[in-house]
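What follows is a short report on a single structure.
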Amino acid sequence: MAMKIMPKTIVGQLHALNRGACDWGWQRLVAYGCQNYVVVVDPVTVQVAQVLDRHRGYVVKVKWARENYRHDLASPYCLRLASADYNGKILIWDVATGTVGAECVEGSKPVAEMEWVSTQDISHDLLVALHPPSTLVLWNTENGSKLWKKTYGEVLLSFSFDPFDPNRLAFLGQDCVLFVDDFSLSKLPASNGKKFYLSNPNSQTASSISHSSSYEKLSDKKSSLSAIRRMSGILVGEGIKKNHEEELSGISECLQLAFHRACRHHLILVYAREVLILDLDINQTVSIVPVERTGSLYTQVIPVRQCDVLFCLHENGSLSLKTRRWQTRSSSSVQSLTDENSLPSSNDVNIFYDHKCQTDPLRITMHNRIYGMASCPISENKVVLVMSTGKILLWELNSVDLDGTNRCWESSPLYAPASAISSSDPLVDDFIGSHELFPDSVIEQPKLVLSDLVGCHAPFADSPTTTEKPRHFLKFILVGLLNGLATPPVVIRMCPPLTTKNFNVYQPLMAVGSSTGTVQVYNLSSGQLSREISVHSSAVRGIEWIGLRGFLSFAYPTLIASSSVVKNELMVTDLDTGRSTNLRLNTEEESPIEMIKVSYLKQYFIVVFKDKPFEVWDLRSQTLLRQMPKNFPTVTALEWSPSHNIKSLKKKVAQPEANGTDDALTPASLTSASLLDLASNASASTTPAAESSAEAKLVVVSVREHFVFTDSNGLMYHYIVDGNLIKEGSKIPPDANMSSITYVAWKSETLVLSDVDGNINIWDLKARVSRTVPTARGWIRKIKFAPGRGNMKLLILFNDGVDVWDAKDVERVTSIKCPKDRAKVVSVDWAASDRPVLACADGCLHIMDLMCLTGCSTMEDGQLLEPILCPHMMPAKASFVLKSLLQHQPWRGKYALDPEELDATVKVAPIVVDQLYLVDPYLRNFLVKCPFGTAQRCCLVAQLFGDEAEMTFWTVALHYLMVTKSEPSIGQVNSSVSKLGASDLFVPSTPSKESRDLLVLDDAVSAGDASLAKTRPLEMCYDILCDNQTFRTYELRRVSLHDSKRVTNEHTRKCAENLILLNQADRAVQLLLETEPDSSNYYVDSLRACLVASIRSSGASQSTIKLVATNLIASGRLAEGVQLLCLIDKGLDACRYLQTYGQWHQAAWLAKLTLERSECSEVMRRWADHLASPQVDQRNKATLVLLSLGQFSRVVDLLYSQRYFDRAALFVEACREFGVLSPTDDVIRGLTESIFLEYARFLLNLGLTKACEYYCLQAGPKGRALLNEIQS
């Protein structure tokens, strides 16, 4: 079926400056830079969804906008993208429409780095860009205005925001790392940052220290100490300059800097031979990830958020996965931790990154390199690679079951606990039993994200080896491959035009010949590659279609200066079979072919040579009819006549015997007909299976056809071909105003000639008049009439650009100059009557509008072969209707994904239905049977929509709703852990082998508390929002790790201070006594050691110490005063003082590690009140803190105050399903009715009247009044 062709661009190979311009957005789409264009790819269907073409320089950076804000009809889902080019211009795109919303320009140098601001409570239009050499600019992308501009004193190459602290970022300089901790949206950063120089890591030493997959002990103490000192020397301190030799060999090798997204205060430095993980609390390297002994060098690393996992790209094109593993030196050291009176020795804990899997290397050459890499921010288990040739590879991380057992989370730490939920779980029993939802014994949850494959807390290995073999392993699978245009196209040719006869079978195909001999066939309606056939052994020089399903092409190698003869290849190719046949097998080296021309009735074709007379071939039998004599004139241009006698043709078909054609209907002739379908009115079929016998006779009947050509003197010759006869007709002398003719175009009664001086000579054959028009642009290489009856538009190709003329009115329509407007145009053709096609030297193909102003259209007009699931490109109301249907349907007797509840008047209903059925069937079935109801369903829908803010909220909400449901076990576990935390324990006790449970409980916890262990802990990326036990376990490991990495006195003092805060008195004394006698702090540390050792929790000393602590805090020595309070078990007072002096996060950290549950909750509630205050206005973060406390009624109140009515209503429904809100509380009931009333209005605005009626009935008297108003 014929499809409309819209302006678009088909891209090919990338430029070297496009390296690194690749991003995968929350919108579920991939964007990358290709030459001057931004290409948007859908990774699910592996299709090019959009190409943006407003840049005039090479694209160097692309970044999708963040989706970390609440979406509503005023701020709907949309496709926003920022792209920066080599000229320093940043464009803000509306990708769905292909339009530019704003331009941001600062200087003329390429943008070094840019990031969208992640905190989007105030505005979601802010973009931070680093302009060379050292200027940081905060842009308002809504109007392109500059909010502030800061210039630093160092040459800066890139930067990275701390995902845990929006006020902190790190710059990578030429010889240093610059830390800035006063970034603000409202004012210019005041400081110039803190500069740290980097020392040069020794990769050989690193390999001998900690191989990523090795369990060997470090037996050489000397080498161990040297390793520690080398790791501590990575950040050598502010203002401490390295020597010149180290400066030249060190930082120049640093390839990348990035904050760790799963662990707070961690920075990643990527070198060619190793990856360094730095803990910024101690400014030291805590882990080294070297390349494998026989592996390829690193080029890029992507840290992910859900788990402590690194995706590593290697120089040979392979992709590897590294996962963190904690390890102790020996099992005895761990056993010693179980005794309250024992202290861990130094070097007890280490972090290793195990090599889990790796892809096969790619064939990397000079012309085939990896220019871009990005991972999906939603699932984080998919990675895209962009090659310099324009090829896109999509890798997905999957788990493989070795023994075929059920994939339940108890089987292996590779599986998260939600991957298979058994109804025997007490929590599921309780939830399902109270709501009578789904009686299935096992409910399989689709593994959509990385944490469904890899446990969110890496195992803690205590012994060097383990005897149990893994039952599952991880593997990368290539799930998508997308090819772009081959090497810069040499020639393009459009298939025969659309007619009324071939309307039902027509496909707008264009053949593109490359310099490697490959012919690619593109469907110009969708812009997707239809066929790619290797036809020739050298560059394709010309293509001519012989029907809708076949073409002729010729090629020859590049001429050698000393020779004028080549080995020509003339091939005929069938698209249906992919078979190519050489028509000139037994030819020797000869003059190169200049052109081939196929007659309009597809009966004959002519092969024109450069220094040799042309040949006339019979296309049906694929035989040579005649080779013109040696003294034949040299042909400069040739064209077949489009005029033919259809009546004569039909007469010959009606009398086949008279013409002797019955004998000609041989199987061979019918086989050759499979490549033919007659142009225009001559035929109505394209394949032999569809041809009737009469049509087959049309193919083999010989009909007279005409062609004309010009010689080097401009003389025009007219010839007639009738069967085997070739007759010479008239000769027409050259026009006096024309030079040597370069091209001839013939349509209807108009003949156009072009010459080397840029003149066009238009002949009206019917009126017998001609007119010469100068274009004043020099040599004309090609002219081509547009298809369509009466359409006399003429496309003219010059050496320096393209013109579109109207031959009827003899006027120029538009003009393109190269390289001013576009890259040099190498070939042109028409895709449709108003769609010129330009093949450019930059390797791209442009389907333009008639005025050649744009090669881009809206995504809605893209006509892709497969529809794309993308709520961001839907109309605002339609996207929220889809979201509401997927999240919750209480107004129906049973949740089902069909559009029955939509009113017939809702215009967006068909769009919603189309998108609804694009949802993965397995996920759609699981949404129907969600075991944890609305909360779990909303979390999955947030993932489907790529809604960052909703994902965060519902992930935390679902976790603490499940934890609250299992409340009886929480008290026992917390009390047990509190006892453990009160003793001198740095690492909680763990089994003698790697833990296979997600949460390891102490022996003091009874077996009946296993339901808590089966409640999936939050990933550590949620940091302070994690439950106390998970957070304490991780932080105590860090404290022990810091202790084991001590090198400097300053580091030792910091460790001692943290130990004092955690009430680890014995170990703190030991560290304080390690101060060297020649140190200036020796006397003070000795006194502090005596004080810590002599303190008792009773008597007069406690009141004295508290008084001293208060005085210290009042005098500005907050840290020392807090330490004293912690020594006398006044942790709550210490936290209050920290909060009073603005150290809110430090107070929460201390509370979670040292306080009882009730006291910790008090500290956290005060923090939530501070965040929700008008002065701070971080109510979204306050909501998350309240969720972690189980303060669900306050969460509902805060959501209502923010006017988040949809989220509040769904959260109330989820709380009711879990039974955590009191139904008898009058305050809660009144608040709930108000929320449901506003939510009903929202649903009414969307057109969901049945849903609105349901919530009106739940909204009390005001709701019933609204319902009466609607029904009336």
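Chain lettering (A, B, ...) mirrors the order of the structure tokens, residue numbering begins at 1 for each chain separately, and ligand numbering begins at 1 in order of display.
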Which neighbours of stretch 1218-1231 of chain A fall inside 12 Å, counting only C-alpha atoms, when residues of the same chain fewer than 6 positions from it are skipped, and could you give them as an MDAnalysis selection string?
chainID A and resid 427:435 931:936 957:967 1190:1201 1205 1208:1209 1211:1212 1237:1238 1258:1263
Write out as a CSV table (one decimal) with N, CA and C atoms, in the first residue's frame which residues come within 9 Å of A:Met848 when counting only C-alpha atoms, dropping same-chain ones fewer than 4 positions away.
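And here's part-v2.csv as it stands now:
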```
chain,number,residue,atom,x,y,z
A,6,MET,N,7.4,11.9,4.1
A,6,MET,CA,7.5,13.2,4.8
A,6,MET,C,9.0,13.5,4.8
A,7,PRO,N,9.3,14.8,5.0
A,7,PRO,CA,10.8,15.2,5.1
A,7,PRO,C,11.4,14.5,6.3
A,8,LYS,N,12.6,13.9,6.0
A,8,LYS,CA,13.4,13.2,7.0
A,8,LYS,C,14.8,13.1,6.6
A,9,THR,N,15.7,12.7,7.5
A,9,THR,CA,17.1,12.5,7.2
A,9,THR,C,17.5,11.1,7.5
A,834,ASP,N,6.8,16.4,-4.6
A,834,ASP,CA,7.3,17.5,-3.9
A,834,ASP,C,8.4,17.2,-2.8
A,835,ARG,N,9.1,16.1,-3.0
A,835,ARG,CA,10.1,15.7,-2.1
A,835,ARG,C,11.5,15.4,-2.8
A,836,PRO,N,12.3,16.5,-3.0
A,836,PRO,CA,13.6,16.2,-3.5
A,836,PRO,C,14.5,15.5,-2.5
A,837,VAL,N,15.4,14.6,-3.0
A,837,VAL,CA,16.3,13.8,-2.1
A,837,VAL,C,17.7,14.2,-2.4
A,838,LEU,N,18.5,14.5,-1.4
A,838,LEU,CA,19.9,14.9,-1.6
A,838,LEU,C,20.8,13.9,-0.8
A,852,CYS,N,13.3,23.0,0.2
A,852,CYS,CA,14.6,22.6,0.7
A,852,CYS,C,15.0,23.3,2.0
A,853,LEU,N,14.0,23.6,2.8
A,853,LEU,CA,14.3,24.3,4.1
A,853,LEU,C,14.5,23.3,5.2
A,854,THR,N,13.9,22.2,5.2
A,854,THR,CA,14.0,21.3,6.4
A,854,THR,C,14.0,19.8,5.9
A,855,GLY,N,14.7,19.0,6.6
A,855,GLY,CA,14.7,17.6,6.4
A,855,GLY,C,14.2,16.9,7.6
A,856,CYS,N,13.2,17.5,8.3
A,856,CYS,CA,12.7,16.9,9.6
A,856,CYS,C,11.2,17.2,9.6
```
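When only C-alpha atoms are used to compute distances to A:Gly33, the closest of the residues A:Thr1249, A:Ser318, A:Lys501, A:Met373 turns out to be A:Met373.
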Would you pick out the contacts of A:Ala807 at 8 Å or less, using only C-alpha atoms, so that residues sharing its chain but fewer than 6 positions from it are not included, and give the list as an MDAnalysis selection string?
chainID A and resid 762 792:794
Give me the residues within 8 Å of A:Val912 as a ChimeraX atom specification, counting only C-alpha atoms and dropping any in the same chain fewer than 2 places off.
/A:878-879,881-882,908-910,914-916
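Atom CA of A:Ala21 sits 21.0 Å away from atom CA of A:Ala841.
The space between atom CA of A:Glu705 and atom CA of A:Trp545 spans 17.6 Å.
Closest approach to A:Ala190 from the set A:Tyr719, A:Phe171, A:Trp640, A:Tyr152 is made by A:Tyr152, with distances taken over only C-alpha atoms.
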Show which residues sit within 12 Å of A:His1170, as a short mmCIF file (atom, residue, chain, number, x, y, z; two decimals) with N, CA, C and O atoms, in the first residue's frame. Count only C-alpha atoms, and ignore same-chain residues fewer than 6 positions away.
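File written: result.cif
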```cif
data_model
loop_
_atom_site.label_atom_id
_atom_site.label_comp_id
_atom_site.auth_asym_id
_atom_site.auth_seq_id
_atom_site.Cartn_x
_atom_site.Cartn_y
_atom_site.Cartn_z
N GLN A 1139 21.59 19.36 64.29
CA GLN A 1139 20.49 19.95 63.54
C GLN A 1139 20.37 21.45 63.79
O GLN A 1139 20.09 22.22 62.86
N THR A 1140 20.63 21.85 65.04
CA THR A 1140 20.54 23.27 65.35
C THR A 1140 21.56 24.07 64.55
O THR A 1140 21.28 25.20 64.12
N GLY A 1142 22.65 23.27 61.58
CA GLY A 1142 22.48 23.07 60.15
C GLY A 1142 23.10 21.81 59.59
O GLY A 1142 23.10 21.62 58.36
N GLN A 1143 23.64 20.92 60.44
CA GLN A 1143 24.24 19.67 59.97
C GLN A 1143 23.16 18.58 59.95
O GLN A 1143 23.22 17.60 60.69
N TRP A 1144 22.17 18.75 59.07
CA TRP A 1144 21.01 17.87 59.09
C TRP A 1144 21.36 16.45 58.65
O TRP A 1144 20.91 15.47 59.26
N HIS A 1145 22.12 16.32 57.58
CA HIS A 1145 22.44 14.97 57.11
C HIS A 1145 23.36 14.24 58.08
O HIS A 1145 23.21 13.05 58.32
N VAL A 1163 14.55 12.32 65.52
CA VAL A 1163 15.52 13.11 64.75
C VAL A 1163 15.08 13.22 63.30
O VAL A 1163 15.14 14.30 62.69
N MET A 1164 14.63 12.11 62.73
CA MET A 1164 14.22 12.12 61.33
C MET A 1164 12.96 12.95 61.12
O MET A 1164 12.82 13.62 60.09
N VAL A 1176 13.05 26.17 53.18
CA VAL A 1176 13.81 25.15 52.47
C VAL A 1176 13.05 24.66 51.25
O VAL A 1176 13.61 24.51 50.16
N ASP A 1177 11.77 24.37 51.42
CA ASP A 1177 10.86 23.98 50.34
C ASP A 1177 11.38 22.78 49.54
O ASP A 1177 11.48 22.80 48.33
N GLN A 1178 11.74 21.73 50.28
CA GLN A 1178 12.09 20.45 49.67
C GLN A 1178 11.08 19.40 50.13
O GLN A 1178 11.41 18.42 50.77
N ARG A 1179 9.83 19.67 49.77
CA ARG A 1179 8.75 18.83 50.28
C ARG A 1179 8.76 17.43 49.68
O ARG A 1179 8.29 16.48 50.32
N LYS A 1181 11.44 15.64 49.12
CA LYS A 1181 12.39 14.90 49.95
C LYS A 1181 11.80 14.66 51.34
O LYS A 1181 12.01 13.57 51.93
N ALA A 1182 11.07 15.63 51.86
CA ALA A 1182 10.42 15.44 53.16
C ALA A 1182 9.42 14.30 53.10
O ALA A 1182 9.29 13.51 54.06
N THR A 1183 8.72 14.17 51.99
CA THR A 1183 7.77 13.07 51.83
C THR A 1183 8.48 11.72 51.92
O THR A 1183 7.99 10.78 52.56
N VAL A 1185 11.30 11.07 53.46
CA VAL A 1185 11.75 10.84 54.84
C VAL A 1185 10.58 10.36 55.70
O VAL A 1185 10.72 9.42 56.51
N LEU A 1186 9.42 10.95 55.53
CA LEU A 1186 8.25 10.52 56.30
C LEU A 1186 7.84 9.10 55.93
O LEU A 1186 7.38 8.33 56.79
#
```
Could you pull the residues within 10 Å of A:Leu865, counting only C-alpha atoms, minus those fewer than 6 positions along the same chain, as a PyMOL selection string?
chain A and resi 45+47+523+525-528
